[in-house]
file protein.cif (mmCIF, C-alpha atoms)
data_upload
#
loop_
_atom_site.label_atom_id
_atom_site.label_comp_id
_atom_site.auth_asym_id
_atom_site.auth_seq_id
_atom_site.Cartn_x
_atom_site.Cartn_y
_atom_site.Cartn_z
CA MET A 1 -14.03 26.15 -25.93
CA ARG A 2 -11.46 24.55 -23.62
CA ARG A 3 -8.75 26.53 -21.89
CA ARG A 4 -5.65 25.26 -20.21
CA LEU A 5 -4.12 26.67 -17.03
CA LEU A 6 -0.58 27.87 -17.73
CA GLY A 7 0.28 29.27 -14.33
CA THR A 8 -0.82 31.25 -11.32
CA VAL A 9 0.64 34.18 -9.45
CA SER A 10 -0.49 34.85 -5.88
CA GLY A 11 0.04 38.21 -4.24
CA VAL A 12 -1.03 39.62 -0.89
CA LEU A 13 -4.26 41.10 -2.21
CA ALA A 14 -4.83 39.46 -5.58
CA ARG A 15 -4.33 36.20 -7.43
CA THR A 16 -3.73 35.89 -11.14
CA ARG A 17 -4.51 32.78 -13.17
CA VAL A 18 -3.27 32.65 -16.74
CA TYR A 19 -4.96 30.31 -19.24
CA LEU A 20 -4.31 29.38 -22.84
CA ALA A 21 -7.57 29.46 -24.79
CA ALA A 22 -8.12 28.64 -28.46
CA ASP A 23 -7.42 32.14 -29.75
CA ALA A 24 -6.00 34.06 -26.80
CA ILE A 25 -4.15 34.04 -23.52
CA GLU A 26 -6.74 34.76 -20.83
CA VAL A 27 -5.59 36.49 -17.65
CA ASP A 28 -8.01 36.19 -14.72
CA GLU A 29 -7.12 38.67 -11.98
CA ILE A 30 -9.05 37.90 -8.80
CA GLU A 31 -9.24 40.45 -6.00
CA GLY A 32 -11.37 39.16 -3.15
CA TYR A 33 -14.20 37.35 -4.89
CA THR A 34 -14.39 39.55 -7.99
CA GLY A 35 -12.38 38.68 -11.03
CA THR A 36 -11.41 40.67 -14.09
CA ARG A 37 -10.60 38.92 -17.33
CA ARG A 38 -8.13 40.30 -19.86
CA ARG A 39 -7.20 38.70 -23.15
CA VAL A 40 -4.02 38.88 -25.16
CA LEU A 41 -4.96 37.62 -28.61
CA LEU A 42 -2.53 35.09 -30.07
CA ASP A 43 -2.56 36.72 -33.50
CA GLU A 44 -1.59 40.06 -31.92
CA ILE A 45 1.45 38.87 -29.96
CA LEU A 46 4.59 40.87 -30.70
CA LEU A 47 7.07 39.37 -28.29
CA VAL A 48 7.45 36.48 -25.84
CA THR A 49 10.24 36.67 -23.26
CA LEU A 50 11.66 34.47 -20.52
CA HIS A 51 13.78 35.80 -17.67
CA ARG A 52 14.82 34.95 -14.14
CA ARG A 53 13.83 37.39 -11.44
CA ARG A 54 15.34 37.88 -7.98
CA ARG A 55 13.60 40.45 -5.85
CA LEU A 56 15.28 42.15 -2.93
CA LEU A 57 11.84 42.78 -1.41
CA THR A 58 11.10 39.03 -1.33
CA VAL A 59 14.37 38.35 0.50
CA VAL A 60 13.65 41.20 2.93
CA ILE A 61 10.16 39.80 3.65
CA TRP A 62 11.61 36.32 4.34
CA LEU A 63 14.21 37.85 6.67
CA VAL A 64 11.58 39.93 8.49
CA PHE A 65 9.54 36.76 9.10
CA ALA A 66 12.71 34.96 10.26
CA SER A 67 13.49 37.71 12.77
CA VAL A 68 9.88 37.96 14.01
CA PHE A 69 9.71 34.20 14.64
CA SER A 70 13.13 34.00 16.27
CA PHE A 71 12.66 37.12 18.41
CA PRO A 72 10.87 35.45 21.37
CA ALA A 73 13.61 32.83 21.69
CA LEU A 74 16.33 35.47 21.47
CA ALA A 75 14.53 37.60 24.05
CA VAL A 76 14.40 34.67 26.46
CA GLY A 77 18.05 33.87 25.70
CA ARG A 78 19.14 37.27 26.97
CA THR A 79 18.32 36.24 30.51
CA THR A 80 18.54 32.43 30.74
CA ALA A 81 19.77 29.37 28.75
CA LYS A 82 21.60 31.23 26.02
CA GLU A 83 22.64 28.18 23.95
CA ALA A 84 19.20 26.57 24.04
CA ALA A 85 17.51 29.86 23.15
CA LEU A 86 19.91 30.42 20.24
CA LEU A 87 19.22 26.91 18.98
CA ALA A 88 15.47 27.50 19.27
CA ALA A 89 15.79 30.83 17.43
CA VAL A 90 17.71 29.21 14.58
CA PHE A 91 15.16 26.39 14.44
CA LEU A 92 12.20 28.80 14.34
CA ALA A 93 13.82 31.05 11.76
CA SER A 94 15.17 28.25 9.54
CA PRO A 95 12.11 27.84 7.23
CA PHE A 96 12.19 31.54 6.43
CA LEU A 97 15.97 31.65 6.04
CA LEU A 98 15.67 28.66 3.73
CA GLY A 99 13.00 30.52 1.73
CA ALA A 100 15.30 33.53 1.35
CA LEU A 101 18.23 31.32 0.33
CA LEU A 102 16.13 29.38 -2.18
CA HIS A 103 14.89 32.63 -3.71
CA LEU A 104 18.45 33.92 -4.00
CA ALA A 105 19.71 30.65 -5.44
CA PHE A 106 16.97 29.81 -7.94
CA GLY A 107 14.92 33.00 -8.36
CA VAL A 108 11.57 33.07 -10.12
CA ASP A 109 11.29 32.34 -13.83
CA VAL A 110 8.92 34.74 -15.58
CA VAL A 111 7.34 34.38 -19.01
CA THR A 112 6.08 37.70 -20.42
CA VAL A 113 3.85 38.06 -23.46
CA PHE A 114 3.63 41.44 -25.15
CA GLY A 115 0.52 41.89 -27.28
CA LYS A 116 -0.51 44.89 -29.32
CA ARG A 117 -2.96 46.00 -26.64
CA GLY A 118 -1.87 44.28 -23.46
CA VAL A 119 0.75 42.29 -21.60
CA ALA A 120 0.48 38.98 -19.72
CA GLN A 121 2.98 37.61 -17.21
CA ILE A 122 3.31 34.14 -15.68
CA ALA A 123 5.73 33.42 -12.83
CA PHE A 124 7.21 30.01 -11.95
CA SER A 125 8.89 29.80 -8.56
CA PHE A 126 9.85 26.13 -8.60
CA ARG A 127 9.04 24.60 -11.99
CA LYS A 128 11.84 25.94 -14.16
CA ARG A 129 11.33 23.35 -16.89
CA ARG A 130 7.64 24.22 -17.01
CA ALA A 131 8.58 27.90 -17.59
CA LYS A 132 10.67 26.89 -20.61
CA GLU A 133 7.84 24.66 -21.88
CA VAL A 134 5.30 27.47 -21.54
CA PHE A 135 7.66 29.90 -23.31
CA ALA A 136 8.06 27.46 -26.22
CA LEU A 137 4.32 26.64 -26.28
CA LEU A 138 3.25 30.29 -26.40
CA ARG A 139 5.78 31.11 -29.11
CA GLU A 140 4.56 28.14 -31.16
CA ARG A 141 0.83 28.87 -30.68
CA ALA A 142 1.29 32.57 -31.49
CA GLN A 143 3.27 31.69 -34.61
CA GLU A 144 0.56 29.25 -35.71
CA ALA A 145 -2.21 31.80 -35.11
CA GLN A 146 -0.33 34.47 -37.02
CA ASP A 147 0.41 32.12 -39.92
CA ARG A 148 -3.29 31.25 -40.00
CA ALA A 149 -4.23 34.95 -39.98
CA ARG A 150 -1.82 35.57 -42.85
CA GLY A 151 -3.46 32.75 -44.80
CA THR A 152 -6.91 34.17 -44.14
CA SER A 153 -5.94 37.72 -45.01
CA ALA A 154 -4.36 36.52 -48.28
CA GLN A 155 -7.71 35.14 -49.46
CA PRO A 156 -9.76 37.35 -51.82
CA ARG A 157 -12.23 39.60 -49.99
CA PRO A 158 -15.97 39.05 -50.59
CA PRO A 159 -17.71 41.58 -52.82
CA GLU A 160 -19.07 44.75 -51.21
CA GLY A 161 -22.59 44.43 -49.81
CA SER A 162 -22.33 40.67 -49.38
CA THR A 163 -25.01 39.41 -46.98
CA SER A 164 -23.19 36.25 -45.97
CA ALA A 165 -22.11 36.09 -42.34
CA ALA A 166 -18.36 35.87 -41.97
CA MET B 1 2.05 44.49 -11.17
CA SER B 2 -1.27 44.84 -12.95
CA ALA B 3 -1.01 48.62 -13.26
CA LYS B 4 2.47 48.27 -14.72
CA LEU B 5 1.24 45.65 -17.16
CA ASP B 6 -1.68 47.84 -18.23
CA ALA B 7 0.59 50.83 -18.66
CA ALA B 8 3.13 48.92 -20.75
CA HIS B 9 3.21 49.88 -24.39
CA GLY B 10 5.04 47.97 -27.05
CA PRO B 11 7.66 45.26 -26.72
CA GLY B 12 10.57 45.92 -24.41
CA CYS B 13 12.23 44.83 -21.19
CA PRO B 14 9.95 42.57 -19.11
CA ARG B 15 11.30 44.04 -15.87
CA CYS B 16 11.63 47.81 -16.33
CA TRP B 17 9.30 48.00 -19.41
CA THR B 18 11.81 50.16 -21.32
CA PRO B 19 11.01 49.89 -25.05
CA ILE B 20 13.71 47.99 -26.97
CA PRO B 21 14.10 48.15 -30.77
CA GLU B 22 13.04 45.05 -32.69
CA VAL B 23 16.54 44.69 -34.19
CA VAL B 24 17.94 44.20 -30.69
CA LEU B 25 15.12 41.86 -29.63
CA ALA B 26 15.66 39.70 -32.71
CA SER B 27 19.05 38.59 -31.36
CA ARG B 28 17.20 36.16 -29.01
CA ARG B 29 19.47 36.77 -25.96
CA VAL B 30 18.82 40.38 -25.04
CA TYR B 31 20.51 42.59 -22.45
CA CYS B 32 18.57 45.58 -21.12
CA GLY B 33 20.85 48.55 -20.65
CA GLU B 34 18.43 50.24 -18.24
CA CYS B 35 18.03 47.53 -15.58
CA ALA B 36 20.87 45.14 -16.52
CA LEU B 37 18.47 42.25 -17.10
CA GLU B 38 19.41 39.48 -19.52
CA PHE B 39 16.46 37.66 -21.05
CA THR B 40 15.44 35.31 -23.84
CA ALA B 41 13.21 36.88 -26.49
CA ALA B 42 11.13 35.50 -29.35
CA VAL B 43 9.92 38.19 -31.74
CA LEU B 44 6.73 37.62 -33.72
CA ARG B 45 5.27 39.60 -36.57
CA PRO B 46 1.48 39.76 -36.40
CA VAL B 47 -0.58 40.59 -39.47
CA GLU B 48 -1.15 44.32 -39.84
CA VAL B 49 -4.85 45.08 -40.02
CA PRO B 50 -5.66 47.96 -42.40
CA ALA B 51 -6.54 51.02 -40.31
CA ALA B 52 -9.20 52.49 -42.60
CA PRO B 53 -12.49 50.51 -42.75
CA ALA B 54 -14.16 49.76 -46.06
CA PRO B 55 -16.34 52.67 -47.25
CA LEU B 56 -20.02 52.32 -46.42
CA GLU B 57 -22.42 51.91 -49.30
CA GLN B 58 -25.52 54.01 -49.87
CA PRO B 59 -28.72 51.95 -50.15
CA SER B 60 -29.72 51.57 -53.80
CA GLY B 61 -33.14 49.92 -53.69
CA GLY B 62 -31.95 47.15 -51.32
CA ALA B 63 -32.37 46.92 -47.56
CA SER B 64 -30.93 49.64 -45.39
CA CYS B 65 -29.49 49.39 -41.88
CA ALA B 66 -32.08 49.39 -39.07
CA ARG B 67 -30.06 51.91 -37.08
CA HIS B 68 -28.33 53.94 -39.81
CA GLY B 69 -30.99 54.44 -42.48
CA ARG B 70 -28.56 56.01 -44.94
CA ASN B 71 -26.25 52.96 -44.99
CA ALA B 72 -26.90 49.81 -46.99
CA ALA B 73 -27.40 46.60 -44.98
CA VAL B 74 -24.54 44.14 -45.31
CA ALA B 75 -26.01 41.37 -43.15
CA ALA B 76 -28.91 40.45 -40.88
CA CYS B 77 -28.30 40.00 -37.15
CA GLU B 78 -28.18 36.30 -36.30
CA ARG B 79 -30.00 36.95 -33.02
CA CYS B 80 -32.72 39.51 -33.70
CA GLY B 81 -32.77 39.45 -37.50
CA ALA B 82 -32.42 43.23 -37.90
CA PHE B 83 -30.56 44.49 -40.97
CA MET B 84 -27.21 46.04 -40.13
CA CYS B 85 -24.51 48.00 -41.89
CA GLY B 86 -20.76 47.50 -41.63
CA LEU B 87 -20.65 49.86 -38.63
CA CYS B 88 -23.20 47.88 -36.61
CA ARG B 89 -21.96 44.38 -37.43
CA VAL B 90 -20.03 42.69 -34.62
CA GLU B 91 -18.31 39.35 -35.23
CA VAL B 92 -18.24 37.38 -31.99
CA GLU B 93 -18.07 33.66 -31.18
CA GLY B 94 -18.59 32.78 -34.83
CA GLN B 95 -21.77 34.85 -35.03
CA SER B 96 -22.56 38.08 -36.84
CA ILE B 97 -24.72 40.16 -34.52
CA CYS B 98 -25.82 43.78 -34.19
CA ALA B 99 -24.47 46.22 -31.61
CA ALA B 100 -27.68 46.12 -29.53
CA CYS B 101 -27.58 42.31 -29.28
CA PHE B 102 -23.88 42.50 -28.40
CA ASP B 103 -24.64 44.91 -25.53
CA ARG B 104 -27.51 42.71 -24.34
CA GLY B 105 -25.42 39.53 -24.54
CA ARG B 106 -22.60 41.20 -22.67
CA SER B 107 -24.80 42.49 -19.84
CA GLU B 108 -26.62 39.13 -19.55
CA GLY B 109 -23.31 37.25 -19.56
CA SER B 110 -24.42 34.98 -22.42
CA LEU B 111 -21.56 36.19 -24.65
CA GLN B 112 -18.60 34.53 -23.02
CA ALA B 113 -16.03 36.19 -25.29
CA ALA B 114 -17.28 39.64 -24.22
CA GLN B 115 -17.25 38.88 -20.50
CA THR B 116 -14.61 40.80 -18.55
CA THR B 117 -15.75 40.55 -14.92
CA PHE B 118 -16.86 37.50 -12.97
CA ARG B 119 -17.37 36.24 -9.43
CA SER B 120 -14.85 33.69 -8.19
CA TRP B 121 -17.24 31.13 -6.71
CA ARG B 122 -14.53 28.57 -6.04
CA THR B 123 -12.55 31.02 -3.87
CA LEU B 124 -15.75 31.96 -2.03
CA GLY B 125 -16.53 28.28 -1.43
CA LEU B 126 -13.04 27.63 -0.08
CA HIS B 127 -13.11 30.64 2.23
CA LEU B 128 -16.61 29.84 3.53
CA GLY B 129 -15.45 26.28 4.26
CA ILE B 130 -12.45 27.54 6.25
CA PHE B 131 -14.64 30.10 8.04
CA GLY B 132 -17.22 27.45 8.92
CA LEU B 133 -14.58 25.10 10.24
CA VAL B 134 -12.71 27.68 12.33
CA LEU B 135 -15.88 29.28 13.71
CA TYR B 136 -17.77 25.99 13.89
CA PRO B 137 -20.86 27.38 15.68
CA PHE B 138 -21.60 29.05 12.32
CA GLY B 139 -20.76 25.85 10.40
CA ILE B 140 -24.41 24.93 9.97
CA LEU B 141 -24.79 28.07 7.81
CA ALA B 142 -21.31 28.45 6.37
CA GLY B 143 -20.92 24.75 5.43
CA PRO B 144 -23.93 24.50 3.09
CA ALA B 145 -23.10 27.98 1.73
CA SER B 146 -19.58 26.72 1.00
CA LEU B 147 -20.95 23.65 -0.80
CA TYR B 148 -23.33 25.83 -2.82
CA ALA B 149 -20.53 28.25 -3.80
CA THR B 150 -18.25 25.32 -4.74
CA ALA B 151 -21.01 23.83 -6.92
CA ARG B 152 -21.40 27.22 -8.64
CA GLY B 153 -17.61 27.30 -9.05
CA VAL B 154 -17.65 23.89 -10.75
CA GLY B 155 -20.40 25.10 -13.10
CA GLN B 156 -18.41 28.25 -13.83
CA ALA B 157 -15.24 26.28 -14.57
CA ARG B 158 -17.21 23.98 -16.88
CA LYS B 159 -18.71 26.99 -18.68
CA ASP B 160 -15.27 28.58 -19.08
CA GLY B 161 -13.86 25.26 -20.33
CA ASP B 162 -11.18 25.11 -17.62
CA GLU B 163 -8.99 22.04 -17.53
CA GLY B 164 -7.75 20.91 -14.10
CA GLY B 165 -8.61 22.50 -10.74
CA ALA B 166 -10.02 19.22 -9.36
CA LEU B 167 -7.83 19.32 -6.26
CA GLY B 168 -9.13 22.75 -5.22
CA THR B 169 -12.72 21.57 -5.72
CA VAL B 170 -12.16 18.41 -3.64
CA VAL B 171 -10.58 20.48 -0.83
CA ALA B 172 -13.47 22.99 -0.92
CA VAL B 173 -16.08 20.17 -0.83
CA LEU B 174 -14.30 18.47 2.08
CA LEU B 175 -14.10 21.74 4.01
CA GLY B 176 -17.77 22.43 3.31
CA LEU B 177 -18.79 18.96 4.53
CA LEU B 178 -16.59 19.21 7.63
CA ALA B 179 -17.94 22.68 8.45
CA THR B 180 -21.52 21.42 8.07
CA ALA B 181 -20.80 18.40 10.28
CA ALA B 182 -19.13 20.60 12.90
CA GLY B 183 -22.09 22.99 12.83
CA VAL B 184 -24.61 20.14 13.19
CA PHE B 185 -22.56 18.66 16.05
CA PHE B 186 -22.52 22.05 17.80
CA VAL B 187 -26.30 22.42 17.46
CA PHE B 188 -26.75 18.83 18.71
CA VAL B 189 -24.58 19.48 21.78
CA ILE B 190 -26.35 22.76 22.57
CA THR B 191 -29.79 21.18 22.12
CA SER B 192 -28.83 18.20 24.35
CA ALA B 193 -27.54 20.57 27.03
CA VAL B 194 -30.70 22.67 26.96
CA ARG B 195 -32.92 19.56 27.11
CA GLY B 196 -30.90 18.20 30.04
CA LYS B 197 -31.38 21.46 31.92
CA VAL B 198 -35.15 21.53 31.29
CA ARG B 199 -35.56 17.99 32.65
#

call {"tool": "encode", "arguments": {"input": "protein.cif", "output": "structure tokens"}}
result
Amino acid sequence: MRRRLLGTVSGVLARTRVYLAADAIEVDEIEGYTGTRRRVLLDEILLVTLHRRRRLLTVVIWLVFASVFSFPALAVGRTTAKEAALLAAVFLASPFLLGALLHLAFGVDVVTVFGKRGVAQIAFSFRKRRAKEVFALLRERAQEAQDRARGTSAQPRPPEGSTSAA
Amino acid sequence: MSAKLDAAHGPGCPRCWTPIPEVVLASRRVYCGECALEFTAAVLRPVEVPAAPAPLEQPSGGASCARHGRNAAVAACERCGAFMCGLCRVEVEGQSICAACFDRGRSEGSLQAAQTTFRSWRTLGLHLGIFGLVLYPFGILAGPASLYATARGVGQARKDGDEGGALGTVVAVLLGLLATAAGVFFVFVITSAVRGKVR
């Protein structure tokens, strides 16, 4: 049974890898070296959504890093070579300021899948087209699985006490 | 995020998890009144499984269930061959097995569909490689351990049927090799120094 990686989400303590398997979306949550696997069955999906997220906390974290990295230069600039120190501070802080600006400008696209018994979420920071593709793919696969289940359930049930393995 | 996801019940807003009626979700572009989020929605209608199971039959001269003697057997376990009733039968990975075999397969890890916890060997391999390279005196131990963990990770990915992930494996193998080489070099230098002193 092959499964295809749809996306990953990395946090401070845990990483999440979301796969599309034959009959389910598999969510591998890895904390340290131990992983937990959850499944959202395709024939149980109720809703698939796509939205763009902008988190204030992310911007704050970028700005905190920017200030931490520029602080030594600013501290030196208080006593000597003000212009050079300011330039150095801006240079040191620029990657983090850029990160904050990029987050504000483009946000993070999130695909959420609501199943009957669980929810799966995949975040895309840079690949916006990929988020749309995954949204369409999941909707299509879930629809196919549910159509298949309808076809199966419409078939006549075997007689009671049948010994054949389903 | 995981706790929120686990606690979520029913379809609703993907940010604040407020339940939203299906009529509203069906409009495709949905606006959540609680958190002011606008999102695209695709509603699906899964098949409703009947809640009440089929009534169990009493044995009438035929085989009875190995565990529930008062129930008629509906199938034989495809692993151990024991007769089982509708209560004991578990359909998994295209097989019809009994509850005892399901428990055994789950604890042994041979039933992949029933597996919920696993060790991330690839991550371990990557971290051991980095550790062995940064603290190179330990590279002679950490390097081979990293290569072993990476090999286990490759086997695990193959077993799970994962597509992709080659780049991570290549990086982990390179780190493992470099850590081993650094460790061997360190041992060589130390040994040469000790020999030089003895002479």

call {"tool": "atom_distance", "arguments": {"input": "protein.cif", "atom1": "CA of Ala85 (chain A)", "atom2": "CA of Phe65 (chain A)"}}
result
17.6 Å

call {"tool": "closest_residue", "arguments": {"input": "protein.cif", "among": "B:Gly33, B:Gly196, B:Pro144, B:Gly125", "to": "chain A", "atoms": "only C-alpha atoms"}}
result
B:Gly125

call {"tool": "interface_residues", "arguments": {"input": "protein.cif", "of": "chain B", "to": "chain A", "cutoff": "7 Å", "atoms": "all atoms listed in the file", "output": "number ranges by chain"}}
result
B: 5-6, 10-11, 14, 38-47, 74-75, 96, 116-120, 123-124, 161-163

call {"tool": "closest_residue", "arguments": {"input": "protein.cif", "among": "A:Ala88, A:Ala100, A:Ala75, A:Val27", "to": "Ile61 (chain A)", "atoms": "all atoms listed in the file"}}
result
A:Ala100

call {"tool": "residues_near_point", "arguments": {"input": "protein.cif", "point": "(-26.1, 44.7, -36.7)", "cutoff": "8 Å", "atoms": "only C-alpha atoms", "output": "VMD selection string"}}
result
chain B and resid 65 to 66 75 to 77 82 to 90 96 to 101

call {"tool": "resolve_selection", "arguments": {"input": "protein.cif", "expression": "the PyMOL selection byres ((chain A and resi 92-98) around 7)", "output": "list in words"}}
result
Trp62, Leu63, Phe65, Ala66, Ser67, Phe69, Ser70, Ala88, Ala89, Val90, Phe91, Gly99, Ala100, Leu101 and Leu102 of chain A

call {"tool": "atom_distance", "arguments": {"input": "protein.cif", "atom1": "CA of Lys132 (chain A)", "atom2": "CA of Glu26 (chain A)"}}
result
19.1 Å

call {"tool": "atom_distance", "arguments": {"input": "protein.cif", "atom1": "CA of Val92 (chain B)", "atom2": "CA of Lys159 (chain B)"}}
result
16.9 Å

call {"tool": "residues_around", "arguments": {"input": "protein.cif", "residues": "Phe124 (chain A)", "least_positions_apart": "6", "cutoff": "8 Å", "atoms": "all atoms listed in the file", "output": "ChimeraX atom specification"}}
result
/A:7,108-110,130-131

call {"tool": "closest_residue", "arguments": {"input": "protein.cif", "among": "B:Ala113, B:Leu175, B:Leu37, B:Cys80", "to": "Glu93 (chain B)", "atoms": "only C-alpha atoms"}}
result
B:Ala113

call {"tool": "resolve_selection", "arguments": {"input": "protein.cif", "expression": "the PyMOL selection byres ((chain B and resi 152) around 12)", "output": "list in words"}}
result
Arg119, Ser120, Trp121, Arg122, Thr123, Leu124, Gly125, Leu126, Ala145, Ser146, Leu147, Tyr148, Ala149, Thr150, Ala151, Gly153, Val154, Gly155, Gln156, Ala157, Arg158, Lys159, Thr169, Ala172 and Val173 of chain B

call {"tool": "decode", "arguments": {"input": "protein.cif", "residues": "region 2-16 of chain A", "atoms": "C-alpha atoms", "output": "PDB file, in the first residue's frame"}}
result
ATOM      1  CA  ARG A   2       1.689   3.216  -1.165  1.00  0.00           C
ATOM      2  CA  ARG A   3       1.151   6.536   0.543  1.00  0.00           C
ATOM      3  CA  ARG A   4       1.985   9.968  -0.724  1.00  0.00           C
ATOM      4  CA  LEU A   5       3.303  12.847   1.373  1.00  0.00           C
ATOM      5  CA  LEU A   6       0.887  15.780   1.209  1.00  0.00           C
ATOM      6  CA  GLY A   7       2.645  18.158   3.569  1.00  0.00           C
ATOM      7  CA  THR A   8       4.515  18.638   6.802  1.00  0.00           C
ATOM      8  CA  VAL A   9       4.095  20.978   9.731  1.00  0.00           C
ATOM      9  CA  SER A  10       7.041  21.599  12.044  1.00  0.00           C
ATOM     10  CA  GLY A  11       6.578  23.035  15.503  1.00  0.00           C
ATOM     11  CA  VAL A  12       8.972  23.659  18.366  1.00  0.00           C
ATOM     12  CA  LEU A  13       8.383  20.282  19.997  1.00  0.00           C
ATOM     13  CA  ALA A  14       6.668  18.170  17.360  1.00  0.00           C
ATOM     14  CA  ARG A  15       6.555  17.569  13.635  1.00  0.00           C
ATOM     15  CA  THR A  16       3.510  16.436  11.711  1.00  0.00           C
TER      16      THR A  16
END
